[in-house]
>>> print(open('model19.cif').read())   # mmCIF, N, CA and C atoms
data_entry
loop_
_atom_site.group_PDB
_atom_site.id
_atom_site.type_symbol
_atom_site.label_atom_id
_atom_site.label_comp_id
_atom_site.auth_asym_id
_atom_site.auth_seq_id
_atom_site.Cartn_x
_atom_site.Cartn_y
_atom_site.Cartn_z
ATOM 1 N N CYS A 1 11.653 -56.479 18.581
ATOM 2 C CA CYS A 1 13.040 -56.048 18.478
ATOM 3 C C CYS A 1 13.118 -55.031 17.347
ATOM 4 N N GLY A 2 13.922 -54.070 17.422
ATOM 5 C CA GLY A 2 13.956 -52.992 16.465
ATOM 6 C C GLY A 2 14.593 -53.321 15.133
ATOM 7 N N GLU A 3 15.054 -54.550 14.946
ATOM 8 C CA GLU A 3 15.750 -54.885 13.707
ATOM 9 C C GLU A 3 14.750 -55.330 12.642
ATOM 10 N N SER A 4 15.030 -54.954 11.400
ATOM 11 C CA SER A 4 14.189 -55.421 10.305
ATOM 12 C C SER A 4 15.027 -56.308 9.398
ATOM 13 N N SER A 5 14.364 -57.199 8.732
ATOM 14 C CA SER A 5 15.058 -58.129 7.843
ATOM 15 C C SER A 5 14.603 -57.885 6.413
ATOM 16 N N SER A 6 15.510 -58.085 5.463
ATOM 17 C CA SER A 6 15.130 -57.934 4.062
ATOM 18 C C SER A 6 14.405 -59.179 3.554
ATOM 19 N N VAL A 7 14.419 -60.259 4.340
ATOM 20 C CA VAL A 7 13.737 -61.496 3.958
ATOM 21 C C VAL A 7 12.428 -61.575 4.734
ATOM 22 N N PRO A 8 11.293 -61.671 4.052
ATOM 23 C CA PRO A 8 10.018 -61.788 4.752
ATOM 24 C C PRO A 8 9.996 -63.019 5.650
ATOM 25 N N TYR A 9 9.315 -62.929 6.781
ATOM 26 C CA TYR A 9 9.261 -64.011 7.765
ATOM 27 C C TYR A 9 8.833 -65.329 7.131
ATOM 28 N N GLY A 10 7.796 -65.313 6.303
ATOM 29 C CA GLY A 10 7.278 -66.544 5.709
ATOM 30 C C GLY A 10 8.302 -67.285 4.873
ATOM 31 N N ILE A 11 9.125 -66.570 4.118
ATOM 32 C CA ILE A 11 10.139 -67.207 3.271
ATOM 33 C C ILE A 11 11.216 -67.840 4.144
ATOM 34 N N HIS A 12 11.695 -67.115 5.150
ATOM 35 C CA HIS A 12 12.720 -67.646 6.054
ATOM 36 C C HIS A 12 12.177 -68.877 6.776
ATOM 37 N N TYR A 13 10.953 -68.799 7.247
ATOM 38 C CA TYR A 13 10.317 -69.876 7.991
ATOM 39 C C TYR A 13 10.228 -71.131 7.131
ATOM 40 N N THR A 14 9.800 -70.994 5.904
ATOM 41 C CA THR A 14 9.692 -72.129 4.989
ATOM 42 C C THR A 14 11.064 -72.725 4.691
ATOM 43 N N HIS A 15 12.063 -71.883 4.415
ATOM 44 C CA HIS A 15 13.416 -72.361 4.148
ATOM 45 C C HIS A 15 13.964 -73.115 5.353
ATOM 46 N N GLN A 16 13.758 -72.571 6.559
ATOM 47 C CA GLN A 16 14.257 -73.210 7.775
ATOM 48 C C GLN A 16 13.620 -74.581 7.955
ATOM 49 N N HIS A 17 12.317 -74.690 7.729
ATOM 50 C CA HIS A 17 11.641 -75.974 7.876
ATOM 51 C C HIS A 17 12.164 -76.990 6.868
ATOM 52 N N LYS A 18 12.334 -76.601 5.626
ATOM 53 C CA LYS A 18 12.865 -77.513 4.612
ATOM 54 C C LYS A 18 14.259 -77.990 4.997
ATOM 55 N N HIS A 19 15.080 -77.074 5.494
ATOM 56 C CA HIS A 19 16.439 -77.401 5.920
ATOM 57 C C HIS A 19 16.413 -78.444 7.043
ATOM 58 N N PHE A 20 15.591 -78.215 8.069
ATOM 59 C CA PHE A 20 15.535 -79.160 9.182
ATOM 60 C C PHE A 20 14.886 -80.478 8.785
ATOM 61 N N HIS A 21 13.889 -80.456 7.908
ATOM 62 C CA HIS A 21 13.284 -81.709 7.447
ATOM 63 C C HIS A 21 14.321 -82.572 6.736
ATOM 64 N N LEU A 22 15.148 -81.971 5.902
ATOM 65 C CA LEU A 22 16.192 -82.717 5.208
ATOM 66 C C LEU A 22 17.198 -83.298 6.202
ATOM 67 N N LEU A 23 17.608 -82.485 7.194
ATOM 68 C CA LEU A 23 18.541 -82.986 8.214
ATOM 69 C C LEU A 23 17.924 -84.150 8.985
ATOM 70 N N CYS A 24 16.657 -84.018 9.353
ATOM 71 C CA CYS A 24 15.991 -85.076 10.108
ATOM 72 C C CYS A 24 15.892 -86.359 9.288
ATOM 73 N N GLN A 25 15.537 -86.242 8.005
ATOM 74 C CA GLN A 25 15.454 -87.422 7.137
ATOM 75 C C GLN A 25 16.810 -88.096 7.012
ATOM 76 N N THR A 26 17.845 -87.301 6.838
ATOM 77 C CA THR A 26 19.190 -87.829 6.641
ATOM 78 C C THR A 26 19.717 -88.542 7.881
ATOM 79 N N HIS A 27 19.348 -88.062 9.059
ATOM 80 C CA HIS A 27 19.918 -88.586 10.304
ATOM 81 C C HIS A 27 18.925 -89.369 11.152
ATOM 82 N N MET A 28 17.824 -89.824 10.548
ATOM 83 C CA MET A 28 16.828 -90.599 11.274
ATOM 84 C C MET A 28 17.467 -91.840 11.898
ATOM 85 N N GLY A 29 17.229 -92.058 13.177
ATOM 86 C CA GLY A 29 17.770 -93.215 13.882
ATOM 87 C C GLY A 29 19.206 -93.057 14.343
ATOM 88 N N ARG A 30 19.824 -91.934 14.057
ATOM 89 C CA ARG A 30 21.219 -91.705 14.452
ATOM 90 C C ARG A 30 21.293 -90.784 15.668
ATOM 91 N N ASN A 31 22.424 -90.836 16.347
ATOM 92 C CA ASN A 31 22.659 -89.932 17.472
ATOM 93 C C ASN A 31 22.978 -88.543 16.951
ATOM 94 N N VAL A 32 22.314 -87.533 17.524
ATOM 95 C CA VAL A 32 22.520 -86.147 17.114
ATOM 96 C C VAL A 32 22.632 -85.259 18.346
ATOM 97 N N GLU A 33 23.146 -84.077 18.116
ATOM 98 C CA GLU A 33 23.225 -83.066 19.165
ATOM 99 C C GLU A 33 22.587 -81.802 18.614
ATOM 100 N N ILE A 34 21.710 -81.182 19.402
ATOM 101 C CA ILE A 34 21.120 -79.917 18.980
ATOM 102 C C ILE A 34 21.407 -78.863 20.048
ATOM 103 N N GLU A 35 21.645 -77.659 19.589
ATOM 104 C CA GLU A 35 21.823 -76.524 20.484
ATOM 105 C C GLU A 35 20.654 -75.587 20.249
ATOM 106 N N MET A 36 19.978 -75.214 21.329
ATOM 107 C CA MET A 36 18.823 -74.332 21.238
ATOM 108 C C MET A 36 19.280 -72.876 21.251
ATOM 109 N N GLN A 37 18.377 -71.971 20.904
ATOM 110 C CA GLN A 37 18.688 -70.542 20.862
ATOM 111 C C GLN A 37 19.166 -70.022 22.214
ATOM 112 N N ASP A 38 18.718 -70.644 23.311
ATOM 113 C CA ASP A 38 19.141 -70.195 24.643
ATOM 114 C C ASP A 38 20.483 -70.790 25.069
ATOM 115 N N GLY A 39 21.132 -71.566 24.179
ATOM 116 C CA GLY A 39 22.455 -72.119 24.459
ATOM 117 C C GLY A 39 22.440 -73.513 25.067
ATOM 118 N N LYS A 40 21.275 -74.044 25.437
ATOM 119 C CA LYS A 40 21.206 -75.385 26.012
ATOM 120 C C LYS A 40 21.435 -76.417 24.909
ATOM 121 N N VAL A 41 22.166 -77.471 25.248
ATOM 122 C CA VAL A 41 22.537 -78.508 24.286
ATOM 123 C C VAL A 41 21.904 -79.829 24.719
ATOM 124 N N TYR A 42 21.310 -80.543 23.757
ATOM 125 C CA TYR A 42 20.667 -81.824 24.016
ATOM 126 C C TYR A 42 21.213 -82.862 23.049
ATOM 127 N N THR A 43 21.397 -84.082 23.566
ATOM 128 C CA THR A 43 21.898 -85.191 22.769
ATOM 129 C C THR A 43 20.889 -86.330 22.843
ATOM 130 N N GLY A 44 20.593 -86.934 21.698
ATOM 131 C CA GLY A 44 19.674 -88.060 21.673
ATOM 132 C C GLY A 44 19.663 -88.706 20.305
ATOM 133 N N LYS A 45 18.821 -89.704 20.163
ATOM 134 C CA LYS A 45 18.680 -90.409 18.882
ATOM 135 C C LYS A 45 17.484 -89.811 18.146
ATOM 136 N N MET A 46 17.695 -89.443 16.868
ATOM 137 C CA MET A 46 16.626 -88.864 16.069
ATOM 138 C C MET A 46 15.496 -89.884 15.952
ATOM 139 N N HIS A 47 14.348 -89.568 16.496
ATOM 140 C CA HIS A 47 13.208 -90.480 16.532
ATOM 141 C C HIS A 47 12.233 -90.210 15.391
ATOM 142 N N SER A 48 11.840 -88.931 15.219
ATOM 143 C CA SER A 48 10.871 -88.572 14.183
ATOM 144 C C SER A 48 10.803 -87.054 14.070
ATOM 145 N N PHE A 49 9.955 -86.569 13.172
ATOM 146 C CA PHE A 49 9.736 -85.134 13.027
ATOM 147 C C PHE A 49 8.382 -84.900 12.393
ATOM 148 N N ASP A 50 7.876 -83.688 12.557
ATOM 149 C CA ASP A 50 6.629 -83.303 11.895
ATOM 150 C C ASP A 50 6.836 -81.904 11.312
ATOM 151 N N ASN A 51 5.780 -81.196 11.007
ATOM 152 C CA ASN A 51 5.917 -79.884 10.378
ATOM 153 C C ASN A 51 6.612 -78.849 11.249
ATOM 154 N N ASP A 52 6.520 -78.988 12.574
ATOM 155 C CA ASP A 52 7.029 -77.952 13.462
ATOM 156 C C ASP A 52 8.134 -78.386 14.410
ATOM 157 N N ASN A 53 8.282 -79.673 14.642
ATOM 158 C CA ASN A 53 9.200 -80.151 15.681
ATOM 159 C C ASN A 53 10.030 -81.337 15.219
ATOM 160 N N MET A 54 11.178 -81.495 15.869
ATOM 161 C CA MET A 54 11.949 -82.729 15.747
ATOM 162 C C MET A 54 11.855 -83.428 17.098
ATOM 163 N N TYR A 55 11.867 -84.764 17.075
ATOM 164 C CA TYR A 55 11.699 -85.541 18.291
ATOM 165 C C TYR A 55 12.917 -86.434 18.489
ATOM 166 N N LEU A 56 13.489 -86.357 19.683
ATOM 167 C CA LEU A 56 14.658 -87.154 20.027
ATOM 168 C C LEU A 56 14.304 -88.128 21.138
ATOM 169 N N ALA A 57 14.800 -89.372 21.023
ATOM 170 C CA ALA A 57 14.723 -90.324 22.121
ATOM 171 C C ALA A 57 15.896 -89.986 23.029
ATOM 172 N N MET A 58 15.569 -89.612 24.266
ATOM 173 C CA MET A 58 16.600 -89.178 25.211
ATOM 174 C C MET A 58 16.361 -89.833 26.563
ATOM 175 N N GLN A 59 17.411 -89.890 27.337
ATOM 176 C CA GLN A 59 17.293 -90.390 28.686
ATOM 177 C C GLN A 59 16.401 -89.441 29.474
ATOM 178 N N GLY A 60 15.443 -89.986 30.232
ATOM 179 C CA GLY A 60 14.521 -89.167 31.017
ATOM 180 C C GLY A 60 15.245 -88.416 32.123
ATOM 181 N N GLU A 61 14.729 -87.261 32.456
ATOM 182 C CA GLU A 61 15.310 -86.428 33.503
ATOM 183 C C GLU A 61 14.242 -86.136 34.536
ATOM 184 N N THR A 62 14.645 -85.994 35.805
ATOM 185 C CA THR A 62 13.673 -85.682 36.840
ATOM 186 C C THR A 62 13.282 -84.213 36.783
ATOM 187 N N GLU A 63 14.199 -83.347 36.398
ATOM 188 C CA GLU A 63 13.896 -81.929 36.251
ATOM 189 C C GLU A 63 13.994 -81.583 34.774
ATOM 190 N N ARG A 64 12.872 -81.600 34.088
ATOM 191 C CA ARG A 64 12.876 -81.325 32.652
ATOM 192 C C ARG A 64 12.858 -79.836 32.401
ATOM 193 N N ASP A 65 13.568 -79.435 31.404
ATOM 194 C CA ASP A 65 13.569 -78.053 30.931
ATOM 195 C C ASP A 65 12.158 -77.742 30.430
ATOM 196 N N SER A 66 11.649 -76.566 30.726
ATOM 197 C CA SER A 66 10.290 -76.212 30.327
ATOM 198 C C SER A 66 10.135 -76.109 28.813
ATOM 199 N N ARG A 67 11.234 -75.952 28.065
ATOM 200 C CA ARG A 67 11.149 -75.847 26.608
ATOM 201 C C ARG A 67 11.102 -77.218 25.948
ATOM 202 N N VAL A 68 11.387 -78.262 26.708
ATOM 203 C CA VAL A 68 11.367 -79.618 26.186
ATOM 204 C C VAL A 68 10.092 -80.263 26.705
ATOM 205 N N PHE A 69 9.363 -80.951 25.850
ATOM 206 C CA PHE A 69 8.137 -81.565 26.326
ATOM 207 C C PHE A 69 8.098 -83.039 25.963
ATOM 208 N N PHE A 70 7.564 -83.838 26.861
ATOM 209 C CA PHE A 70 7.431 -85.269 26.662
ATOM 210 C C PHE A 70 6.289 -85.504 25.692
ATOM 211 N N VAL A 71 6.495 -86.295 24.670
ATOM 212 C CA VAL A 71 5.469 -86.449 23.651
ATOM 213 C C VAL A 71 5.032 -87.881 23.387
ATOM 214 N N GLY A 72 5.625 -88.841 24.020
ATOM 215 C CA GLY A 72 5.231 -90.204 23.680
ATOM 216 C C GLY A 72 5.555 -91.179 24.789
ATOM 217 N N PRO A 73 5.213 -92.432 24.567
ATOM 218 C CA PRO A 73 5.498 -93.461 25.562
ATOM 219 C C PRO A 73 7.009 -93.700 25.668
ATOM 220 N N TRP A 74 7.391 -94.261 26.761
ATOM 221 C CA TRP A 74 8.816 -94.584 26.941
ATOM 222 C C TRP A 74 9.267 -95.526 25.839
ATOM 223 N N VAL A 75 10.394 -95.206 25.234
ATOM 224 C CA VAL A 75 10.957 -96.018 24.162
ATOM 225 C C VAL A 75 11.500 -97.311 24.761
ATOM 226 N N TYR A 76 12.223 -97.201 25.836
ATOM 227 C CA TYR A 76 12.671 -98.317 26.654
ATOM 228 C C TYR A 76 12.944 -97.737 28.031
ATOM 229 N N PRO A 77 13.058 -98.554 29.082
ATOM 230 C CA PRO A 77 13.125 -98.023 30.443
ATOM 231 C C PRO A 77 14.170 -96.908 30.607
ATOM 232 N N GLY A 78 13.731 -95.802 31.192
ATOM 233 C CA GLY A 78 14.625 -94.676 31.453
ATOM 234 C C GLY A 78 14.734 -93.679 30.310
ATOM 235 N N PHE A 79 14.086 -93.965 29.175
ATOM 236 C CA PHE A 79 14.173 -93.080 28.013
ATOM 237 C C PHE A 79 12.777 -92.661 27.583
ATOM 238 N N GLY A 80 12.691 -91.500 26.963
ATOM 239 C CA GLY A 80 11.425 -91.006 26.432
ATOM 240 C C GLY A 80 11.660 -90.251 25.145
ATOM 241 N N VAL A 81 10.582 -89.837 24.498
ATOM 242 C CA VAL A 81 10.670 -89.061 23.264
ATOM 243 C C VAL A 81 10.323 -87.619 23.613
ATOM 244 N N PHE A 82 11.240 -86.706 23.294
ATOM 245 C CA PHE A 82 11.084 -85.298 23.626
ATOM 246 C C PHE A 82 11.093 -84.475 22.347
ATOM 247 N N GLY A 83 10.231 -83.461 22.284
ATOM 248 C CA GLY A 83 10.105 -82.630 21.098
ATOM 249 C C GLY A 83 10.821 -81.302 21.234
ATOM 250 N N PHE A 84 11.376 -80.831 20.127
ATOM 251 C CA PHE A 84 12.083 -79.552 20.073
ATOM 252 C C PHE A 84 11.554 -78.776 18.867
ATOM 253 N N PRO A 85 11.067 -77.556 19.065
ATOM 254 C CA PRO A 85 10.550 -76.770 17.934
ATOM 255 C C PRO A 85 11.675 -76.325 17.011
ATOM 256 N N PHE A 86 11.446 -76.438 15.705
ATOM 257 C CA PHE A 86 12.470 -76.031 14.733
ATOM 258 C C PHE A 86 12.903 -74.586 14.941
ATOM 259 N N TRP A 87 11.946 -73.692 15.260
ATOM 260 C CA TRP A 87 12.286 -72.274 15.399
ATOM 261 C C TRP A 87 13.246 -72.017 16.552
ATOM 262 N N GLY A 88 13.373 -72.961 17.498
ATOM 263 C CA GLY A 88 14.257 -72.756 18.644
ATOM 264 C C GLY A 88 15.646 -73.345 18.484
ATOM 265 N N VAL A 89 15.904 -74.041 17.371
ATOM 266 C CA VAL A 89 17.191 -74.716 17.180
ATOM 267 C C VAL A 89 18.198 -73.766 16.548
ATOM 268 N N ARG A 90 19.338 -73.629 17.187
ATOM 269 C CA ARG A 90 20.431 -72.804 16.655
ATOM 270 C C ARG A 90 21.387 -73.648 15.823
ATOM 271 N N ARG A 91 21.665 -74.863 16.305
ATOM 272 C CA ARG A 91 22.653 -75.714 15.620
ATOM 273 C C ARG A 91 22.234 -77.173 15.725
ATOM 274 N N PHE A 92 22.515 -77.931 14.684
ATOM 275 C CA PHE A 92 22.184 -79.358 14.616
ATOM 276 C C PHE A 92 23.411 -80.057 14.076
ATOM 277 N N ARG A 93 23.832 -81.133 14.740
ATOM 278 C CA ARG A 93 24.965 -81.879 14.187
ATOM 279 C C ARG A 93 24.836 -83.347 14.530
ATOM 280 N N PRO A 94 25.254 -84.217 13.600
ATOM 281 C CA PRO A 94 25.253 -85.655 13.885
ATOM 282 C C PRO A 94 26.441 -86.002 14.770
ATOM 283 N N LEU A 95 26.261 -87.049 15.560
ATOM 284 C CA LEU A 95 27.345 -87.586 16.370
ATOM 285 C C LEU A 95 27.708 -88.931 15.779
ATOM 286 N N TRP A 96 28.957 -89.211 15.646
ATOM 287 C CA TRP A 96 29.409 -90.418 14.955
ATOM 288 C C TRP A 96 29.832 -91.514 15.909
ATOM 289 N N TRP A 97 29.253 -91.566 17.089
ATOM 290 C CA TRP A 97 29.540 -92.642 18.031
ATOM 291 C C TRP A 97 28.321 -93.433 18.357
#
>>> encode(input="model19.cif", output="structure tokens")
Amino acid sequence: CGESSSVPYGIHYTHQHKHFHLLCQTHMGRNVEIEMQDGKVYTGKMHSFDNDNMYLAMQGETERDSRVFFVGPWVYPGFGVFGFPFWGVRRFRPLWW
């Protein structure tokens, strides 16, 4: 893309990861909603996170979005753990229900 940023990629990347790690720690085990850069919205329970992804326990779907990947055993019948890359998240918010 022809746009340049005054912030080097590495600094932005590190700041973004720290921001999401803090959000994940704060909301572990709670219901959250994330909106991806492509506008798709996902709701699930914060399961875990690593250096690059956050993982939500969500109800399984027969037609999974190609950007969402199954990463673990079923949490309980009909549910699975799905990973979302931090770089693809536009918005993160807790749900209070």
>>> atom_distance(input="model19.cif", atom1="atom C of His47 of chain A", atom2="atom CA of Gly29 of chain A")
6.5 Å
>>> closest_residue(input="model19.cif", among="A:Lys40, A:Ile34, A:Phe79, A:Phe84", to="Gln59 of chain A", atoms="only N, CA and C atoms")
A:Phe79
>>> atom_distance(input="model19.cif", atom1="atom CA of Leu95 of chain A", atom2="atom CA of His15 of chain A")
24.0 Å
>>> closest_residue(input="model19.cif", among="A:Phe92, A:Tyr42, A:Tyr55, A:Phe82", to="Phe20 of chain A", atoms="only C-alpha atoms")
A:Phe92
>>> resolve_selection(input="model19.cif", expression="the PyMOL selection byres (((chain A and resi 17 and name CA) around 12) and name CA)", output="list in words")
Gly10, Ile11, His12, Tyr13, Thr14, His15, Gln16, Lys18, His19, Phe20, His21, Leu22, Leu23, Cys24, Phe49, Asp50, Asn51, Asp52, Asn53, Met54, Pro85, Phe86, Trp87, Gly88 and Val89 of chain A
>>> atom_distance(input="model19.cif", atom1="atom C of Gly80 of chain A", atom2="atom CA of Leu56 of chain A")
6.7 Å
>>> residues_around(input="model19.cif", residues="Arg30 of chain A", least_positions_apart="5", cutoff="6 Å", atoms="only N, CA and C atoms", output="list in words")
Gly44, Lys45 and Met46 of chain A
>>> resolve_selection(input="model19.cif", expression="the PyMOL selection byres (((chain A and resi 37 and name CA) around 7) and name CA)", output="JSON, numbers by chain")
{"A": [35, 36, 38, 39, 88, 89, 90]}
